[in-house]
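To keep things clear, I will list the structure first and then write my remarks on it.
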Amino acid sequence: FTLLSIYLLLNKRNNLSAVFLGFASVSKLYPALFLPVLVFYLLNQKTSLHKIGSFLVTFFMVLVIFNLPFALIDWHAWTYPYLHQLTNPERNDTTTLSYYLTTVGLGQFRTLFLISLFSISWVIIFIFYKAKKISSVNFIYLLLFTALSIVVGNHVYTPQYFLWFLPYLALVNKPVLWIWLPFDWLNASTRFFYFRFKTEWLELFHSIHTINIIFLVCLYLLVLYTIKLRFQDAKD
């Protein structure tokens with residue numbers, strides 16, 4: 001849904017793009033965090049405020065239409081998935097950067113850490129907008145950076161999160177960004193053996209997971225550096 005929304009926006013099908021971004025946000029909450037990127041892209045394309053307003057109204061209407069009936073029928077059941085994410089046992093996942101804050105006595109700032117990361121991505125988007133540099137390719141890079149920010153700052157980490165990056169990596173056509181794949185394969189296979197043999201693989205599982213987290217941070221910094229170079233590119 002997210003990829004289709006991006007495709008439609010690039011092809012100036014704004015309201016239909018908003019519909020599919022709404023579908024994506026109903027399925028998984030994180031695509032809603034891409035909304036500022038899409039809005040700034042529309043502003044950079046000199047889209048009228050009326051059309052941008054229509055885009056936003058369409059997006060929120062989809063959220064309301066698909067969520068309101070369930071919220072009215074059973075408020076507790078509707079809120080459970082969101083509250084569970086705040087309290088579930090995996091919140092203490094030892095293979096996340098968020099957990100490392102806990103080990104140094106800063107556990108109370110884990111949520112702030114996540115908010116800060118994707119807020120930084122929004123600030124970078126605003127800087128690109130003010131410089132009128134949100135080209136189609138830069139738009140994809142900014143979406144990729146926002147997705148990376150969410151994963152790097154999350155208090156739970158699993159290998160399938162890497163799937164979020166595949167569309168953006170393909171769209172920007174940068175083979176150098178695909179170097180994380182062997183790490184993900186190693187991580188995924190280790191996770192399989194961990195769940196198969198439990199405690200026997202616990203130590204190796206966490207070792208590989210930690211290596212993968214370090215590599216994820218490297219990918220984050222690589223994309224951030226690429227964005228910096230693209231901002232300095234006079235052609236954009």
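Convention: chains lettered A, B, ... in structure tokens order; per-chain residue numbering from 1; ligands numbered from 1 as shown.
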Check your understanding: Which polymer residues have any atom within 9 Å of an atom of Val172 in chain A, counting only C-alpha atoms, with same-chain residues fewer than 2 positions away left out, as a PyMOL selection string?
Key -> chain A and resi 137-138+140-141+167-170+174
Kindly save the residues from that selection, with C-alpha atoms included, as a PDB file, in the first residue's frame.
ATOM      1  CA  VAL A 137      14.887  10.759  -6.333  1.00  0.00           C
ATOM      2  CA  ASN A 138      15.484  12.867  -3.232  1.00  0.00           C
ATOM      3  CA  ILE A 140      12.599   8.444  -2.245  1.00  0.00           C
ATOM      4  CA  TYR A 141      15.792   8.942  -0.229  1.00  0.00           C
ATOM      5  CA  PRO A 167      11.075  -0.718  -2.369  1.00  0.00           C
ATOM      6  CA  TYR A 168      13.130   2.391  -1.640  1.00  0.00           C
ATOM      7  CA  LEU A 169      16.450   0.690  -2.349  1.00  0.00           C
ATOM      8  CA  ALA A 170      15.070  -0.516  -5.673  1.00  0.00           C
ATOM      9  CA  LYS A 174      21.926   2.298  -5.615  1.00  0.00           C
TER      10      LYS A 174
END
Practice item. Would you mind writing down, as number ranges by chain, each residue of range 97-149 of chain A that DSSP on the backbone assigns to helix (DSSP H, G or I)? Key: A: 97-103, 107-130, 136-149
Review point. So which one's closest to Ile227 in chain A, A:Leu29, A:Val19, A:Leu144, A:Ile213? Using only C-alpha atoms, please.
Key: A:Leu144
Determine, counting only C-alpha atoms, which protein, DNA and RNA residues have an atom within 12 Å of an atom of Ile115 in chain A; residues of the same chain fewer than 4 positions away are not included. Present the result as an mmCIF file with all heavy atoms, in the first residue's frame.
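Output saved as around-v3.cif:
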data_model
loop_
_atom_site.group_PDB
_atom_site.id
_atom_site.type_symbol
_atom_site.label_atom_id
_atom_site.label_comp_id
_atom_site.auth_asym_id
_atom_site.auth_seq_id
_atom_site.Cartn_x
_atom_site.Cartn_y
_atom_site.Cartn_z
ATOM 1 N N LEU A 33 3.719 8.043 9.508
ATOM 2 C CA LEU A 33 4.853 8.930 9.771
ATOM 3 C C LEU A 33 5.471 9.455 8.476
ATOM 4 O O LEU A 33 6.295 10.369 8.502
ATOM 5 C CB LEU A 33 5.909 8.188 10.594
ATOM 6 C CG LEU A 33 5.452 7.729 11.985
ATOM 7 C CD1 LEU A 33 6.536 6.893 12.648
ATOM 8 C CD2 LEU A 33 5.101 8.920 12.862
ATOM 9 N N SER A 98 17.579 1.013 21.696
ATOM 10 C CA SER A 98 16.717 1.481 22.774
ATOM 11 C C SER A 98 17.079 0.802 24.098
ATOM 12 O O SER A 98 17.110 1.446 25.149
ATOM 13 C CB SER A 98 15.247 1.207 22.421
ATOM 14 O OG SER A 98 14.396 1.588 23.457
ATOM 15 N N PHE A 109 14.215 7.485 28.583
ATOM 16 C CA PHE A 109 14.284 8.302 27.379
ATOM 17 C C PHE A 109 14.145 7.487 26.091
ATOM 18 O O PHE A 109 14.382 8.003 25.003
ATOM 19 C CB PHE A 109 15.610 9.066 27.337
ATOM 20 C CG PHE A 109 15.776 10.045 28.460
ATOM 21 C CD1 PHE A 109 16.697 9.811 29.473
ATOM 22 C CD2 PHE A 109 15.000 11.193 28.519
ATOM 23 C CE1 PHE A 109 16.846 10.700 30.517
ATOM 24 C CE2 PHE A 109 15.145 12.098 29.566
ATOM 25 C CZ PHE A 109 16.074 11.842 30.568
ATOM 26 N N ARG A 110 13.756 6.198 26.211
ATOM 27 C CA ARG A 110 13.693 5.344 25.019
ATOM 28 C C ARG A 110 12.666 5.847 24.012
ATOM 29 O O ARG A 110 12.933 5.896 22.811
ATOM 30 C CB ARG A 110 13.411 3.902 25.420
ATOM 31 C CG ARG A 110 14.570 3.218 26.128
ATOM 32 C CD ARG A 110 14.296 1.762 26.386
ATOM 33 N NE ARG A 110 13.149 1.582 27.288
ATOM 34 C CZ ARG A 110 12.718 0.402 27.697
ATOM 35 N NH1 ARG A 110 13.333 -0.696 27.272
ATOM 36 N NH2 ARG A 110 11.687 0.301 28.509
ATOM 37 N N THR A 111 11.489 6.212 24.495
ATOM 38 C CA THR A 111 10.468 6.723 23.584
ATOM 39 C C THR A 111 10.911 8.052 22.986
ATOM 40 O O THR A 111 10.712 8.305 21.796
ATOM 41 C CB THR A 111 9.124 6.897 24.318
ATOM 42 O OG1 THR A 111 8.712 5.624 24.856
ATOM 43 C CG2 THR A 111 8.051 7.406 23.368
ATOM 44 N N SER A 119 11.901 12.781 14.131
ATOM 45 C CA SER A 119 11.771 14.239 14.085
ATOM 46 C C SER A 119 12.930 14.841 13.303
ATOM 47 O O SER A 119 12.756 15.808 12.552
ATOM 48 C CB SER A 119 11.715 14.821 15.496
ATOM 49 O OG SER A 119 10.566 14.375 16.188
ATOM 50 N N ILE A 120 14.119 14.245 13.487
ATOM 51 C CA ILE A 120 15.284 14.691 12.712
ATOM 52 C C ILE A 120 15.038 14.497 11.222
ATOM 53 O O ILE A 120 15.370 15.360 10.401
ATOM 54 C CB ILE A 120 16.548 13.924 13.164
ATOM 55 C CG1 ILE A 120 16.979 14.383 14.551
ATOM 56 C CG2 ILE A 120 17.689 14.102 12.165
ATOM 57 C CD1 ILE A 120 18.068 13.540 15.170
ATOM 58 N N SER A 121 14.425 13.370 10.861
ATOM 59 C CA SER A 121 14.131 13.121 9.441
ATOM 60 C C SER A 121 13.159 14.165 8.909
ATOM 61 O O SER A 121 13.291 14.630 7.779
ATOM 62 C CB SER A 121 13.564 11.702 9.244
ATOM 63 O OG SER A 121 12.256 11.589 9.763
ATOM 64 N N TRP A 122 12.185 14.577 9.726
ATOM 65 C CA TRP A 122 11.239 15.614 9.292
ATOM 66 C C TRP A 122 11.937 16.966 9.131
ATOM 67 O O TRP A 122 11.631 17.723 8.222
ATOM 68 C CB TRP A 122 10.096 15.733 10.296
ATOM 69 C CG TRP A 122 9.169 14.563 10.303
ATOM 70 C CD1 TRP A 122 9.133 13.529 9.402
ATOM 71 C CD2 TRP A 122 8.153 14.288 11.262
ATOM 72 N NE1 TRP A 122 8.159 12.622 9.742
ATOM 73 C CE2 TRP A 122 7.532 13.057 10.875
ATOM 74 C CE3 TRP A 122 7.692 14.936 12.401
ATOM 75 C CZ2 TRP A 122 6.494 12.488 11.591
ATOM 76 C CZ3 TRP A 122 6.644 14.369 13.124
ATOM 77 C CH2 TRP A 122 6.059 13.158 12.721
ATOM 78 N N THR A 146 13.447 8.158 6.603
ATOM 79 C CA THR A 146 12.409 8.150 7.633
ATOM 80 C C THR A 146 12.136 6.725 8.123
ATOM 81 O O THR A 146 12.007 6.481 9.329
ATOM 82 C CB THR A 146 11.109 8.779 7.090
ATOM 83 O OG1 THR A 146 11.376 10.110 6.628
ATOM 84 C CG2 THR A 146 10.037 8.835 8.165
ATOM 85 N N SER A 149 14.911 5.607 10.308
ATOM 86 C CA SER A 149 14.851 6.270 11.611
ATOM 87 C C SER A 149 13.899 5.530 12.545
ATOM 88 O O SER A 149 14.185 5.364 13.739
ATOM 89 C CB SER A 149 14.387 7.719 11.442
ATOM 90 O OG SER A 149 15.280 8.447 10.620
ATOM 91 N N ILE A 150 12.767 5.079 11.991
ATOM 92 C CA ILE A 150 11.784 4.358 12.798
ATOM 93 C C ILE A 150 12.366 3.039 13.302
ATOM 94 O O ILE A 150 12.221 2.674 14.468
ATOM 95 C CB ILE A 150 10.506 4.105 11.984
ATOM 96 C CG1 ILE A 150 9.858 5.435 11.597
ATOM 97 C CG2 ILE A 150 9.519 3.238 12.767
ATOM 98 C CD1 ILE A 150 8.758 5.296 10.559
ATOM 99 N N VAL A 151 13.060 2.306 12.418
ATOM 100 C CA VAL A 151 13.606 1.000 12.785
ATOM 101 C C VAL A 151 14.770 1.137 13.766
ATOM 102 O O VAL A 151 14.856 0.405 14.760
ATOM 103 C CB VAL A 151 14.050 0.229 11.526
ATOM 104 C CG1 VAL A 151 14.781 -1.056 11.908
ATOM 105 C CG2 VAL A 151 12.845 -0.095 10.653
ATOM 106 N N VAL A 152 15.672 2.097 13.511
ATOM 107 C CA VAL A 152 16.835 2.277 14.377
ATOM 108 C C VAL A 152 16.406 2.664 15.787
ATOM 109 O O VAL A 152 16.996 2.224 16.777
ATOM 110 C CB VAL A 152 17.782 3.339 13.786
ATOM 111 C CG1 VAL A 152 18.879 3.716 14.787
ATOM 112 C CG2 VAL A 152 18.428 2.816 12.507
ATOM 113 N N GLY A 153 15.350 3.465 15.904
ATOM 114 C CA GLY A 153 14.927 3.932 17.215
ATOM 115 C C GLY A 153 13.915 3.048 17.909
ATOM 116 O O GLY A 153 13.582 3.292 19.072
ATOM 117 N N ASN A 154 13.422 2.013 17.226
ATOM 118 C CA ASN A 154 12.369 1.178 17.790
ATOM 119 C C ASN A 154 12.887 0.352 18.968
ATOM 120 O O ASN A 154 14.058 -0.030 19.003
ATOM 121 C CB ASN A 154 11.811 0.244 16.709
ATOM 122 C CG ASN A 154 10.433 -0.278 17.057
ATOM 123 O OD1 ASN A 154 9.905 -0.016 18.123
ATOM 124 N ND2 ASN A 154 9.855 -1.032 16.139
ATOM 125 N N HIS A 155 12.009 0.052 19.926
ATOM 126 C CA HIS A 155 12.425 -0.737 21.087
ATOM 127 C C HIS A 155 12.346 -2.234 20.819
ATOM 128 O O HIS A 155 12.730 -3.035 21.665
ATOM 129 C CB HIS A 155 11.563 -0.387 22.309
ATOM 130 C CG HIS A 155 10.108 -0.712 22.142
ATOM 131 N ND1 HIS A 155 9.193 0.218 21.701
ATOM 132 C CD2 HIS A 155 9.415 -1.850 22.336
ATOM 133 C CE1 HIS A 155 7.994 -0.337 21.652
ATOM 134 N NE2 HIS A 155 8.103 -1.595 22.018
#
